[in-house]
>>> print(open('run_26.txt').read())   # compact mmCIF, C-alpha atoms (C1' of nucleotides)
# COMPACT_ATOMS: atom_id res chain seq x y z
CA MET A 149 0.00 0.00 0.00
CA ASP A 150 2.68 2.47 0.98
CA ASP A 151 4.51 1.05 -1.95
CA ILE A 152 1.89 2.38 -4.38
CA LEU A 153 1.79 5.72 -2.59
CA GLN A 154 5.50 5.92 -3.23
CA LYS A 155 5.44 4.73 -6.81
CA ALA A 156 2.58 7.03 -7.75
CA ARG A 157 4.47 10.08 -6.58
CA PRO A 158 5.26 11.28 -10.14
CA LEU A 159 1.53 11.10 -10.87
CA PHE A 160 0.68 13.20 -7.82
CA GLU A 161 3.33 15.71 -8.80
CA GLY A 162 1.75 15.90 -12.23
CA ILE A 163 -1.67 16.53 -10.72
CA LYS A 164 -0.24 19.24 -8.48
CA ARG A 165 1.09 21.08 -11.50
CA HIS A 166 -2.55 21.69 -12.49
CA THR A 167 -4.44 21.83 -9.20
CA THR A 168 -4.02 21.23 -5.46
CA LEU A 169 -4.00 17.83 -3.80
CA THR A 170 -3.86 17.04 -0.07
CA PRO A 171 -1.98 14.02 1.32
CA GLU A 172 -5.33 12.51 2.30
CA CYS A 173 -6.51 12.75 -1.26
CA GLU A 174 -3.32 11.10 -2.43
CA LYS A 175 -4.11 8.17 -0.16
CA LYS A 176 -7.64 7.93 -1.48
CA ILE A 177 -6.34 7.83 -5.02
CA ALA A 178 -3.57 5.36 -4.23
CA ALA A 179 -6.15 2.98 -2.80
CA HIS A 180 -7.57 2.53 -6.30
CA LEU A 181 -4.30 2.10 -8.18
CA THR A 182 -2.40 -1.06 -9.07
CA THR A 183 1.01 -1.39 -10.68
CA LYS A 184 2.04 -3.61 -13.54
CA VAL A 185 5.31 -4.45 -15.26
CA ILE A 186 5.22 -4.89 -19.04
CA ARG A 187 8.27 -6.19 -20.86
CA ARG A 188 9.30 -5.04 -24.31
CA ARG A 189 6.88 -6.27 -27.00
CA GLN A 190 4.38 -7.43 -24.39
CA TYR A 191 0.79 -6.26 -24.57
CA LEU A 192 -0.97 -4.10 -22.02
CA LEU A 193 -4.18 -4.27 -24.05
CA HIS A 194 -5.33 -6.58 -26.83
CA GLU A 195 -8.01 -5.64 -29.32
CA GLY A 196 -11.31 -6.90 -27.90
CA GLN A 197 -10.46 -6.44 -24.23
CA VAL A 198 -11.87 -3.63 -22.07
CA ALA A 199 -9.26 -0.96 -21.44
CA ARG A 200 -8.08 0.58 -18.21
CA ALA A 201 -6.16 3.85 -18.06
CA ALA A 202 -2.41 3.47 -17.58
CA PHE A 203 0.07 6.04 -16.28
CA VAL A 204 3.65 5.32 -17.32
CA LEU A 205 6.21 5.15 -14.49
CA LYS A 206 9.01 3.69 -16.57
CA GLY A 207 9.63 2.86 -20.23
CA CYS A 208 7.47 3.71 -23.23
CA LEU A 209 4.22 2.29 -24.66
CA ARG A 210 2.21 2.80 -27.84
CA SER A 211 -1.44 2.49 -28.84
CA TYR A 212 -2.32 1.56 -32.41
CA SER A 213 -5.07 0.21 -34.61
CA ILE A 214 -4.65 -2.54 -37.18
CA ASP A 215 -6.50 -1.98 -40.45
CA GLU A 216 -8.14 -4.60 -42.66
CA ASN A 217 -4.88 -5.09 -44.60
CA GLY A 218 -2.94 -5.80 -41.44
CA PHE A 219 -1.16 -2.44 -41.28
CA GLU A 220 -0.57 -0.74 -37.95
CA HIS A 221 -1.45 2.92 -37.39
CA ILE A 222 -0.01 4.42 -34.23
CA LEU A 223 -2.35 6.73 -32.39
CA GLN A 224 -0.11 7.60 -29.47
CA PHE A 225 3.26 7.13 -27.85
CA ALA A 226 3.35 7.24 -24.05
CA PRO A 227 6.77 7.93 -22.53
CA VAL A 228 7.27 8.35 -18.78
CA ASN A 229 4.64 10.50 -17.01
CA TRP A 230 2.00 10.14 -19.72
CA TRP A 231 -1.35 8.43 -19.64
CA ILE A 232 -2.33 5.89 -22.25
CA THR A 233 -5.50 3.88 -22.89
CA ASP A 234 -8.11 3.16 -25.54
CA LEU A 235 -10.32 6.03 -24.45
CA TYR A 236 -13.36 4.71 -26.27
CA SER A 237 -13.14 1.34 -24.55
CA HIS A 238 -12.21 2.82 -21.19
CA ILE A 239 -15.19 5.16 -21.17
CA SER A 240 -17.83 2.95 -22.77
CA GLN A 241 -16.52 -0.25 -21.16
CA LYS A 242 -16.87 -1.95 -24.53
CA PRO A 243 -14.24 -4.08 -26.31
CA SER A 244 -11.35 -2.03 -27.58
CA SER A 245 -10.39 -1.69 -31.22
CA LEU A 246 -6.86 -0.61 -30.32
CA ASN A 247 -3.82 -2.50 -29.11
CA ILE A 248 -1.37 -1.19 -26.56
CA ASP A 249 2.10 -2.68 -26.13
CA ALA A 250 5.47 -1.77 -24.70
CA LEU A 251 8.31 -0.49 -26.89
CA GLU A 252 10.76 -1.14 -24.04
CA ASP A 253 10.59 -2.73 -20.59
CA SER A 254 8.04 -0.61 -18.76
CA GLU A 255 6.04 -0.17 -15.61
CA VAL A 256 2.62 1.49 -15.27
CA VAL A 257 -0.05 2.21 -12.69
CA LEU A 258 -3.56 1.16 -13.70
CA LEU A 259 -6.92 2.79 -12.99
CA SER A 260 -10.25 1.27 -14.02
CA ARG A 261 -13.10 3.48 -15.20
CA LYS A 262 -15.25 2.54 -12.23
CA ASP A 263 -12.52 3.48 -9.77
CA GLN A 264 -11.86 6.66 -11.70
CA LEU A 265 -15.52 7.72 -11.56
CA ASP A 266 -15.73 6.89 -7.85
CA LEU A 267 -12.64 8.99 -7.27
CA PHE A 268 -14.13 11.92 -9.17
CA ASP A 269 -16.81 12.09 -6.45
CA GLU A 270 -14.34 11.59 -3.62
CA VAL A 271 -11.58 13.85 -4.95
CA PRO A 272 -12.82 16.72 -7.15
CA ALA A 273 -9.23 17.76 -7.82
CA LEU A 274 -8.77 14.54 -9.76
CA GLU A 275 -11.71 15.32 -12.00
CA ARG A 276 -10.22 18.75 -12.63
CA TYR A 277 -6.89 17.16 -13.52
CA PHE A 278 -8.48 14.82 -16.03
CA ARG A 279 -10.58 17.63 -17.45
CA ILE A 280 -7.39 19.56 -18.09
CA ILE A 281 -5.44 16.74 -19.65
CA SER A 282 -8.42 15.86 -21.85
CA GLU A 283 -8.54 19.44 -23.07
CA ASN A 284 -4.82 19.41 -23.80
CA SER A 285 -4.97 16.08 -25.59
CA LEU A 286 -7.80 17.38 -27.70
CA ILE A 287 -5.75 20.41 -28.71
CA ASN A 288 -2.87 18.15 -29.75
CA ASN A 289 -5.17 15.91 -31.71
CA HIS A 290 -6.71 18.85 -33.54
CA ARG A 291 -3.24 19.99 -34.52
CA ARG A 292 -2.25 16.54 -35.67
CA LEU A 293 -5.39 16.11 -37.75
CA ILE A 294 -4.91 19.45 -39.46
CA ASP A 295 -1.26 18.63 -40.10
CA LYS A 296 -2.30 15.34 -41.68
CA MET A 297 -4.61 17.24 -44.02
CA ALA A 298 -2.45 20.27 -44.78
CA LEU A 299 1.17 19.11 -44.75
CA THR A 300 3.25 16.79 -46.90
CA ALA A 301 4.95 13.70 -45.49
CA LYS A 302 8.26 15.53 -45.28
CA GLU A 303 6.78 18.50 -43.47
CA ARG A 304 5.10 16.21 -40.97
CA TYR A 305 8.36 14.41 -40.35
CA LEU A 306 10.28 17.62 -39.75
CA LYS A 307 7.55 18.85 -37.43
CA PHE A 308 7.69 15.58 -35.52
CA CYS A 309 11.45 16.04 -35.11
CA THR A 310 11.09 19.51 -33.63
CA THR A 311 8.03 18.63 -31.52
CA TYR A 312 9.39 15.41 -30.01
CA PRO A 313 13.18 15.70 -30.29
CA SER A 314 13.68 13.20 -27.44
CA LEU A 315 11.81 10.48 -29.32
CA ILE A 316 13.82 10.71 -32.54
CA ASN A 317 16.76 8.73 -31.30
CA THR A 318 14.75 6.50 -29.01
CA LEU A 319 12.15 5.13 -31.41
CA PRO A 320 12.74 2.89 -34.45
CA GLN A 321 12.02 4.76 -37.68
CA LYS A 322 9.29 2.31 -38.46
CA GLN A 323 7.29 3.51 -35.46
CA ILE A 324 7.75 7.16 -36.37
CA ALA A 325 6.63 6.45 -39.92
CA SER A 326 3.48 4.79 -38.63
CA TYR A 327 2.77 7.72 -36.33
CA ILE A 328 3.04 10.36 -39.04
CA GLY A 329 1.08 8.19 -41.45
CA ILE A 330 3.57 7.06 -44.10
CA THR A 331 5.41 3.86 -45.03
CA PRO A 332 8.84 3.12 -43.53
CA GLU A 333 10.31 3.01 -47.06
CA PHE A 334 9.10 6.49 -47.82
CA LEU A 335 10.40 7.87 -44.54
CA SER A 336 13.77 6.40 -45.40
CA LYS A 337 13.68 8.24 -48.73
CA ILE A 338 12.72 11.51 -47.07
CA ARG A 339 15.60 11.23 -44.63
CA SER A 340 18.12 10.48 -47.36
CA GLU A 341 17.48 13.87 -48.99
CA ARG A 342 20.24 15.44 -46.87
CA GLY A 343 18.91 15.12 -43.32
CA MET B 199 -31.28 38.17 -17.92
CA ASP B 200 -34.34 35.94 -17.85
CA ASP B 201 -34.01 36.02 -21.59
CA ILE B 202 -30.64 34.22 -21.42
CA LEU B 203 -31.97 31.76 -18.87
CA GLN B 204 -34.66 30.92 -21.38
CA LYS B 205 -32.42 30.78 -24.43
CA ALA B 206 -29.82 28.63 -22.71
CA ARG B 207 -32.40 26.00 -21.82
CA PRO B 208 -31.14 23.54 -24.50
CA LEU B 209 -27.66 23.88 -22.99
CA PHE B 210 -28.96 23.11 -19.49
CA GLU B 211 -30.84 20.11 -20.84
CA GLY B 212 -27.65 18.91 -22.43
CA ILE B 213 -25.78 19.24 -19.14
CA LYS B 214 -28.53 17.35 -17.33
CA ARG B 215 -28.10 14.43 -19.68
CA HIS B 216 -24.66 13.93 -18.13
CA THR B 217 -25.00 15.16 -14.55
CA THR B 218 -27.41 16.99 -12.23
CA LEU B 219 -27.98 20.73 -12.23
CA THR B 220 -30.10 22.75 -9.81
CA PRO B 221 -32.08 25.84 -10.91
CA GLU B 222 -29.74 27.98 -8.79
CA CYS B 223 -26.78 26.64 -10.68
CA GLU B 224 -28.51 27.39 -13.95
CA LYS B 225 -28.84 31.01 -12.84
CA LYS B 226 -25.18 31.17 -11.90
CA ILE B 227 -24.21 29.87 -15.31
CA ALA B 228 -26.62 32.14 -17.17
CA ALA B 229 -25.07 35.15 -15.45
CA HIS B 230 -21.87 34.50 -17.42
CA LEU B 231 -23.42 33.86 -20.83
CA THR B 232 -24.09 36.27 -23.68
CA THR B 233 -25.91 35.61 -26.94
CA LYS B 234 -24.86 36.54 -30.43
CA VAL B 235 -26.46 36.35 -33.85
CA ILE B 236 -24.20 35.43 -36.78
CA ARG B 237 -25.50 35.65 -40.32
CA ARG B 238 -24.51 33.25 -43.09
CA ARG B 239 -20.86 33.73 -44.13
CA GLN B 240 -20.18 36.01 -41.18
CA TYR B 241 -17.29 35.27 -38.85
CA LEU B 242 -17.55 34.34 -35.20
CA LEU B 243 -13.75 34.15 -34.95
CA HIS B 244 -10.97 35.45 -37.17
CA GLU B 245 -7.49 34.00 -37.18
CA GLY B 246 -5.45 36.04 -34.69
CA GLN B 247 -8.29 36.82 -32.27
CA VAL B 248 -8.69 35.15 -28.88
CA ALA B 249 -11.48 32.59 -28.94
CA ARG B 250 -14.46 32.17 -26.67
CA ALA B 251 -16.49 28.97 -26.51
CA ALA B 252 -19.78 29.06 -28.41
CA PHE B 253 -22.83 26.85 -27.94
CA VAL B 254 -25.07 26.75 -31.02
CA LEU B 255 -28.74 27.60 -30.43
CA LYS B 256 -29.67 27.91 -34.07
CA GLY B 257 -28.01 27.32 -37.45
CA CYS B 258 -24.64 25.73 -38.15
CA LEU B 259 -21.02 26.91 -37.88
CA ARG B 260 -17.64 25.54 -38.90
CA SER B 261 -14.07 25.88 -37.69
CA TYR B 262 -11.22 25.59 -40.17
CA SER B 263 -7.59 26.35 -40.72
CA ILE B 264 -6.13 27.97 -43.83
CA ASP B 265 -2.84 26.51 -45.03
CA GLU B 266 0.05 28.33 -46.67
CA ASN B 267 -1.44 27.71 -50.14
CA GLY B 268 -4.73 29.27 -49.14
CA PHE B 269 -6.66 26.00 -48.84
CA GLU B 270 -9.23 25.56 -46.11
CA HIS B 271 -9.26 22.47 -43.89
CA ILE B 272 -12.41 22.03 -41.84
CA LEU B 273 -11.80 20.80 -38.32
CA GLN B 274 -15.38 20.78 -37.11
CA PHE B 275 -19.00 21.40 -37.98
CA ALA B 276 -21.23 22.62 -35.17
CA PRO B 277 -24.95 22.14 -35.75
CA VAL B 278 -27.56 23.01 -33.09
CA ASN B 279 -26.65 21.94 -29.52
CA TRP B 280 -22.93 21.61 -30.17
CA TRP B 281 -20.06 23.62 -28.80
CA ILE B 282 -17.46 25.16 -31.08
CA THR B 283 -14.27 27.15 -30.46
CA ASP B 284 -10.57 27.19 -31.20
CA LEU B 285 -9.72 25.16 -28.13
CA TYR B 286 -6.05 26.10 -28.21
CA SER B 287 -6.82 29.80 -28.25
CA HIS B 288 -9.66 29.52 -25.77
CA ILE B 289 -7.52 27.69 -23.22
CA SER B 290 -4.20 29.46 -23.70
CA GLN B 291 -5.81 32.86 -24.37
CA LYS B 292 -3.41 33.28 -27.26
CA PRO B 293 -4.29 34.34 -30.83
CA SER B 294 -6.18 31.66 -32.70
CA SER B 295 -4.92 29.95 -35.84
CA LEU B 296 -8.44 28.86 -36.79
CA ASN B 297 -11.39 30.69 -38.28
CA ILE B 298 -15.00 30.09 -37.33
CA ASP B 299 -17.88 31.24 -39.50
CA ALA B 300 -21.55 30.51 -40.04
CA LEU B 301 -22.78 28.24 -42.85
CA GLU B 302 -26.31 29.56 -42.33
CA ASP B 303 -27.95 32.27 -40.23
CA SER B 304 -27.14 31.24 -36.68
CA GLU B 305 -27.35 32.16 -33.03
CA VAL B 306 -24.95 31.14 -30.25
CA VAL B 307 -24.32 31.68 -26.56
CA LEU B 308 -20.78 32.69 -25.68
CA LEU B 309 -18.63 31.82 -22.68
CA SER B 310 -15.14 33.25 -22.09
CA ARG B 311 -12.40 31.11 -20.57
CA LYS B 312 -12.25 33.28 -17.48
CA ASP B 313 -15.97 32.96 -16.86
CA GLN B 314 -15.77 29.24 -17.55
CA LEU B 315 -13.00 28.74 -14.99
CA ASP B 316 -14.85 30.85 -12.41
CA LEU B 317 -17.93 28.75 -12.99
CA PHE B 318 -15.98 25.51 -12.53
CA ASP B 319 -15.35 26.62 -8.93
CA GLU B 320 -18.94 27.79 -8.40
CA VAL B 321 -20.67 24.90 -10.16
CA PRO B 322 -18.74 21.61 -10.09
CA ALA B 323 -21.39 19.99 -12.26
CA LEU B 324 -20.31 22.25 -15.09
CA GLU B 325 -16.73 21.07 -14.82
CA ARG B 326 -17.98 17.49 -14.92
CA TYR B 327 -20.01 18.28 -18.03
CA PHE B 328 -17.02 19.76 -19.82
CA ARG B 329 -14.82 16.89 -18.69
CA ILE B 330 -17.29 14.49 -20.30
CA ILE B 331 -17.66 16.35 -23.57
CA SER B 332 -13.89 16.74 -23.82
CA GLU B 333 -13.51 13.00 -23.40
CA ASN B 334 -16.12 12.34 -26.06
CA SER B 335 -14.61 14.82 -28.49
CA LEU B 336 -11.24 13.20 -27.99
CA ILE B 337 -12.69 9.79 -28.83
CA ASN B 338 -14.21 11.18 -32.02
CA ASN B 339 -10.95 12.84 -32.97
CA HIS B 340 -9.00 9.65 -32.43
CA ARG B 341 -11.41 7.82 -34.71
CA ARG B 342 -11.17 10.51 -37.35
CA LEU B 343 -7.37 10.54 -37.28
CA ILE B 344 -7.18 6.77 -37.65
CA ASP B 345 -9.71 6.89 -40.47
CA LYS B 346 -7.60 9.49 -42.23
CA MET B 347 -4.58 7.19 -42.00
CA ALA B 348 -6.27 3.85 -42.70
CA LEU B 349 -9.13 4.52 -45.13
CA THR B 350 -9.34 5.68 -48.76
CA ALA B 351 -11.18 8.84 -49.76
CA LYS B 352 -14.22 6.85 -50.83
CA GLU B 353 -14.38 4.89 -47.59
CA ARG B 354 -14.13 8.10 -45.59
CA TYR B 355 -16.94 9.64 -47.61
CA LEU B 356 -19.24 6.65 -47.13
CA LYS B 357 -18.47 6.65 -43.41
CA PHE B 358 -19.27 10.34 -43.23
CA CYS B 359 -22.61 9.64 -44.89
CA THR B 360 -23.57 6.99 -42.36
CA THR B 361 -22.17 8.89 -39.37
CA TYR B 362 -23.74 12.25 -40.16
CA PRO B 363 -26.72 11.47 -42.41
CA SER B 364 -28.43 14.74 -41.46
CA LEU B 365 -25.53 16.82 -42.76
CA ILE B 366 -25.38 15.24 -46.22
CA ASN B 367 -28.25 17.19 -47.66
CA THR B 368 -27.63 20.31 -45.60
CA LEU B 369 -24.00 21.03 -46.41
CA PRO B 370 -22.48 21.97 -49.77
CA GLN B 371 -20.30 19.15 -51.12
CA LYS B 372 -17.34 21.46 -51.01
CA GLN B 373 -17.54 21.62 -47.22
CA ILE B 374 -17.83 17.86 -46.86
CA ALA B 375 -14.82 17.36 -49.12
CA SER B 376 -12.79 19.73 -46.96
CA TYR B 377 -13.86 17.90 -43.79
CA ILE B 378 -12.87 14.46 -45.03
CA GLY B 379 -9.65 15.82 -46.48
CA ILE B 380 -10.03 15.66 -50.25
CA THR B 381 -10.61 18.09 -53.12
CA PRO B 382 -14.16 18.94 -54.22
CA GLU B 383 -13.36 17.62 -57.71
CA PHE B 384 -12.38 14.25 -56.38
CA LEU B 385 -15.48 14.01 -54.19
CA SER B 386 -17.56 14.69 -57.27
CA LYS B 387 -15.83 11.81 -59.04
CA ILE B 388 -16.37 9.47 -56.11
CA ARG B 389 -20.07 10.29 -56.04
CA SER B 390 -20.49 9.72 -59.75
CA GLU B 391 -19.39 6.08 -59.44
CA ARG B 392 -23.03 4.86 -58.87
CA GLY B 393 -24.31 5.73 -55.38
C1' DC C 265 -30.09 40.19 -66.62
C1' DG C 266 -25.21 39.04 -65.31
C1' DC C 267 -22.10 37.79 -61.79
C1' DG C 268 -20.19 34.60 -58.51
C1' DA C 269 -20.36 30.24 -56.07
C1' DC C 270 -21.04 25.57 -56.95
C1' DG C 271 -20.72 21.03 -59.11
C1' DT C 272 -19.10 18.19 -63.08
C1' DT C 273 -15.93 16.13 -66.30
C1' DG C 274 -11.55 15.16 -68.67
C1' DA C 275 -6.37 15.33 -69.38
C1' DT C 276 -2.32 15.39 -67.04
C1' DT C 277 0.81 15.25 -63.09
C1' DT C 278 2.62 13.82 -58.68
C1' DG C 279 3.27 12.30 -53.94
C1' DC C 280 3.34 8.36 -51.97
C1' DC C 281 2.73 3.24 -52.08
C1' DT C 282 3.95 -1.51 -53.56
C1' DC C 283 7.01 -4.97 -54.30
C1' DA C 284 11.41 -6.88 -54.38
C1' DA C 285 16.18 -7.27 -53.37
C1' DC C 286 19.90 -6.39 -50.36
C1' DG C 287 23.17 -5.14 -46.17
C1' DA C 288 23.37 -4.28 -41.26
C1' DT C 289 22.02 -5.15 -36.76
C1' DT C 290 19.95 -7.65 -33.11
C1' DG C 291 18.90 -11.53 -30.60
C1' DT C 292 18.46 -16.41 -29.78
C1' DG C 293 19.30 -21.27 -29.34
C1' DG C 294 22.66 -24.95 -29.91
C1' DC D 280 30.81 -18.24 -28.90
C1' DC D 281 29.12 -18.89 -33.23
C1' DA D 282 25.26 -19.73 -36.73
C1' DC D 283 21.17 -18.50 -38.03
C1' DA D 284 16.75 -16.22 -38.15
C1' DA D 285 14.29 -12.17 -37.49
C1' DT D 286 13.90 -7.39 -37.62
C1' DC D 287 15.28 -3.12 -39.39
C1' DG D 288 16.73 0.35 -42.67
C1' DT D 289 17.99 1.31 -47.58
C1' DT D 290 17.46 1.59 -52.51
C1' DG D 291 15.26 1.12 -57.05
C1' DA D 292 11.54 0.22 -60.57
C1' DG D 293 6.99 0.59 -61.43
C1' DG D 294 2.05 1.68 -60.22
C1' DC D 295 -1.94 4.04 -58.38
C1' DA D 296 -4.91 7.23 -55.71
C1' DA D 297 -5.66 11.64 -55.48
C1' DA D 298 -4.24 16.44 -56.81
C1' DT D 299 -3.93 19.93 -60.31
C1' DC D 300 -5.49 22.57 -64.02
C1' DA D 301 -8.83 23.91 -67.19
C1' DA D 302 -13.26 24.17 -69.40
C1' DC D 303 -18.08 24.17 -69.02
C1' DG D 304 -23.21 24.04 -67.32
C1' DT D 305 -26.19 25.35 -63.55
C1' DC D 306 -28.27 27.78 -60.13
C1' DG D 307 -29.40 31.50 -56.74
C1' DC D 308 -29.20 36.20 -56.05
C1' DG D 309 -28.19 41.35 -56.22
>>> encode(input="run_26.txt", output="structure tokens")
Amino acid sequence: MDDILQKARPLFEGIKRHTTLTPECEKKIAAHLTTKVIRRRQYLLHEGQVARAAFVLKGCLRSYSIDENGFEHILQFAPVNWWITDLYSHISQKPSSLNIDALEDSEVVLLSRKDQLDLFDEVPALERYFRIISENSLINNHRRLIDKMALTAKERYLKFCTTYPSLINTLPQKQIASYIGITPEFLSKIRSERG
Amino acid sequence: MDDILQKARPLFEGIKRHTTLTPECEKKIAAHLTTKVIRRRQYLLHEGQVARAAFVLKGCLRSYSIDENGFEHILQFAPVNWWITDLYSHISQKPSSLNIDALEDSEVVLLSRKDQLDLFDEVPALERYFRIISENSLINNHRRLIDKMALTAKERYLKFCTTYPSLINTLPQKQIASYIGITPEFLSKIRSERG
DNA sequence: CGCGACGTTGATTTGCCTCAACGATTGTGG
DNA sequence: CCACAATCGTTGAGGCAAATCAACGTCGCG
């Protein structure tokens, strides 16, 4: 129990950057959290399961959909201190259409939707925190959608490089290509034009 | 004053579909709302201005970005009972990069970010409501982004037709083409292939 | 009436994909 | 520790979905 309270500290710090949180509230939250280790290439969520929300303590995960031709399309990367889930499944409690797996050995804390909703009544600050990160995620998604419509593959790649410089050398090119919506071969060609 | 309370009724009904709202809270909210009429082709928001959030009482609006070649990319349609804004600008209070204008004669209620944040402290139910609609918008945006990466133009058009059947006959084809991310010419060609 | 926005259609171009072959690197079991 | 497979990135030839450009008919509206 105290173990979780300790491990979830980065999460509480994150919450405190947006709102205030008393030690009692931290305990209430911690009571609903569990931790989980996920090794590289292991799944946190398989298509068809019901998702829980995961906060990354260590490592890096990704969520992606697989289309009818078997191609992966990455929706999100989640490095340390980010949340990741299939939001549709998490909220509706229906089977997910996304997969989530670990790009490196990772550790997360998990929160079910039921526990999350209970906590929103117990700890209003938590609801505020999730309201804020939902707003921010929405802004990022708007930007990404517009970029997908307005920019060329090369422009999107360069923008990715400046927006997430820390991920460039961490992630395989294949994953970056999938995130910006092009084939790995074409990304390779883009990069070879003096990069 | 009572006028706003009356006009905002559809908004209060919408909130009550997600949480509970007392008449006193409705009054508190109404005190921060203003109404505005926007005629067809008139702007609610110009690129560079700071956005407020708008709830549509009548008509239909759109938000869109203009790229460096002068092409419009529609981010959102807002028919009756939907919110629309440039979320980035509204939240950060910085100049917007989006435009919002009316596709037909419309009327909206407006809420500034400051008033919204004040209300979150006064009326927790309102924060819950916005948390929920942010979550739902995010789900829709995820879906749309994946569709843009995984589906062909024709598939996206057919999906638009089944997802928003009421908009098909209301909106000019040009606007639909911009929303699904293709040229009006190509949409015309898609439609001419029987169906 | 005439102008401007809209939709259509065809010819041509292009950004990106597909497929295939090939090194380099990683990792895994004998 | 090595052999081998699997994964990754690169490169090239060819193909296709969608964009571009241009011309034309229609409609609503000042």
>>> closest_residue(input="run_26.txt", among="D:DC300, D:DC287, D:DG293, D:DC281", to="chain B", atoms="all atoms listed in the file")
D:DC300
>>> atom_distance(input="run_26.txt", atom1="atom CA of B:Lys234", atom2="atom CA of B:Ala276")
15.1 Å
>>> atom_distance(input="run_26.txt", atom1="atom C1' of C:DC267", atom2="atom C1' of D:DC308")
9.3 Å
>>> residues_around(input="run_26.txt", residues="stretch 228-240 of chain A", least_positions_apart="4", cutoff="8 Å", atoms="all atoms listed in the file", output="compact mmCIF listing (two decimals) with C-alpha atoms, in the coordinates of the input")
# COMPACT_ATOMS: atom_id res chain seq x y z
CA PRO A 158 5.26 11.28 -10.14
CA LEU A 159 1.53 11.10 -10.87
CA GLY A 162 1.75 15.90 -12.23
CA VAL A 198 -11.87 -3.63 -22.07
CA ALA A 199 -9.26 -0.96 -21.44
CA ARG A 200 -8.08 0.58 -18.21
CA ALA A 201 -6.16 3.85 -18.06
CA ALA A 202 -2.41 3.47 -17.58
CA PHE A 203 0.07 6.04 -16.28
CA VAL A 204 3.65 5.32 -17.32
CA LEU A 205 6.21 5.15 -14.49
CA LYS A 206 9.01 3.69 -16.57
CA GLY A 207 9.63 2.86 -20.23
CA CYS A 208 7.47 3.71 -23.23
CA LEU A 209 4.22 2.29 -24.66
CA ARG A 210 2.21 2.80 -27.84
CA SER A 211 -1.44 2.49 -28.84
CA GLN A 224 -0.11 7.60 -29.47
CA SER A 244 -11.35 -2.03 -27.58
CA SER A 245 -10.39 -1.69 -31.22
CA LEU A 246 -6.86 -0.61 -30.32
CA ASN A 247 -3.82 -2.50 -29.11
CA ILE A 248 -1.37 -1.19 -26.56
CA SER A 260 -10.25 1.27 -14.02
CA ARG A 261 -13.10 3.48 -15.20
CA GLU B 333 -13.51 13.00 -23.40
CA ILE B 337 -12.69 9.79 -28.83
>>> closest_atom_pairs(input="run_26.txt", of="chain C", to="chain B", cutoff="12 Å", atoms="all atoms listed in the file", output="JSON lines")
{"residue": "C:DA269", "atom": "C1'", "partner": "B:Lys372", "partner_atom": "CA", "distance": 10.6}
{"residue": "C:DC270", "atom": "C1'", "partner": "B:Lys372", "partner_atom": "CA", "distance": 8.1}
{"residue": "C:DG271", "atom": "C1'", "partner": "B:Ser386", "partner_atom": "CA", "distance": 7.3}
{"residue": "C:DT272", "atom": "C1'", "partner": "B:Ser386", "partner_atom": "CA", "distance": 7.0}
{"residue": "C:DT273", "atom": "C1'", "partner": "B:Lys387", "partner_atom": "CA", "distance": 8.4}
{"residue": "C:DG274", "atom": "C1'", "partner": "B:Lys387", "partner_atom": "CA", "distance": 11.1}
>>> closest_atom_pairs(input="run_26.txt", of="chain D", to="chain A", cutoff="9 Å", atoms="only C-alpha atoms (C1' of nucleotides)", output="Markdown table")
| residue | atom | partner | partner_atom | distance |
| --- | --- | --- | --- | --- |
| D:DC287 | C1' | A:Lys322 | CA | 8.1 |
| D:DG288 | C1' | A:Ser336 | CA | 7.3 |
| D:DT289 | C1' | A:Ser336 | CA | 7.0 |
| D:DT290 | C1' | A:Lys337 | CA | 8.5 |
>>> interface_residues(input="run_26.txt", of="chain B", to="chain A", cutoff="6 Å", atoms="all atoms listed in the file", output="list in words")
Tyr286, Arg329, Ser332, Leu336, Ile337, Leu343, Met347 and Gly379 of chain B
>>> write_last_selection(input="run_26.txt", atoms="C-alpha atoms", output="short mmCIF file (atom, residue, chain, number, x, y, z; two decimals), in the coordinates of the input")
data_model
loop_
_atom_site.label_atom_id
_atom_site.label_comp_id
_atom_site.auth_asym_id
_atom_site.auth_seq_id
_atom_site.Cartn_x
_atom_site.Cartn_y
_atom_site.Cartn_z
CA TYR B 286 -6.05 26.10 -28.21
CA ARG B 329 -14.82 16.89 -18.69
CA SER B 332 -13.89 16.74 -23.82
CA LEU B 336 -11.24 13.20 -27.99
CA ILE B 337 -12.69 9.79 -28.83
CA LEU B 343 -7.37 10.54 -37.28
CA MET B 347 -4.58 7.19 -42.00
CA GLY B 379 -9.65 15.82 -46.48
#
>>> residues_around(input="run_26.txt", residues="stretch 359-369 of chain B", least_positions_apart="3", cutoff="10 Å", atoms="all atoms listed in the file", output="list of chain:residue names")
B:Cys258, B:Phe275, B:Pro277, B:Leu301, B:Glu302, B:Glu353, B:Arg354, B:Tyr355, B:Leu356, B:Lys372, B:Gln373, B:Ile374
>>> atom_distance(input="run_26.txt", atom1="atom CA of A:Glu255", atom2="atom CA of A:Ile186")
5.9 Å
>>> residues_near_point(input="run_26.txt", point="(-0.4, -1.6, -55.3)", cutoff="10 Å", atoms="only C-alpha atoms (C1' of nucleotides)", output="PyMOL selection string")
(chain C and resi 281-283) or (chain D and resi 293-296)
>>> closest_residue(input="run_26.txt", among="D:DT286, D:DG307, D:DG291, D:DA297", to="B:Thr381", atoms="all atoms listed in the file")
D:DA297
>>> axis_aligned_box(input="run_26.txt", around="stretch 362-367 of chain B", padding_each_side="6 Å", output="JSON")
{"center_x": -26.1, "center_y": 14.3, "center_z": -43.9, "size_x": 16.7, "size_y": 17.7, "size_z": 19.5}
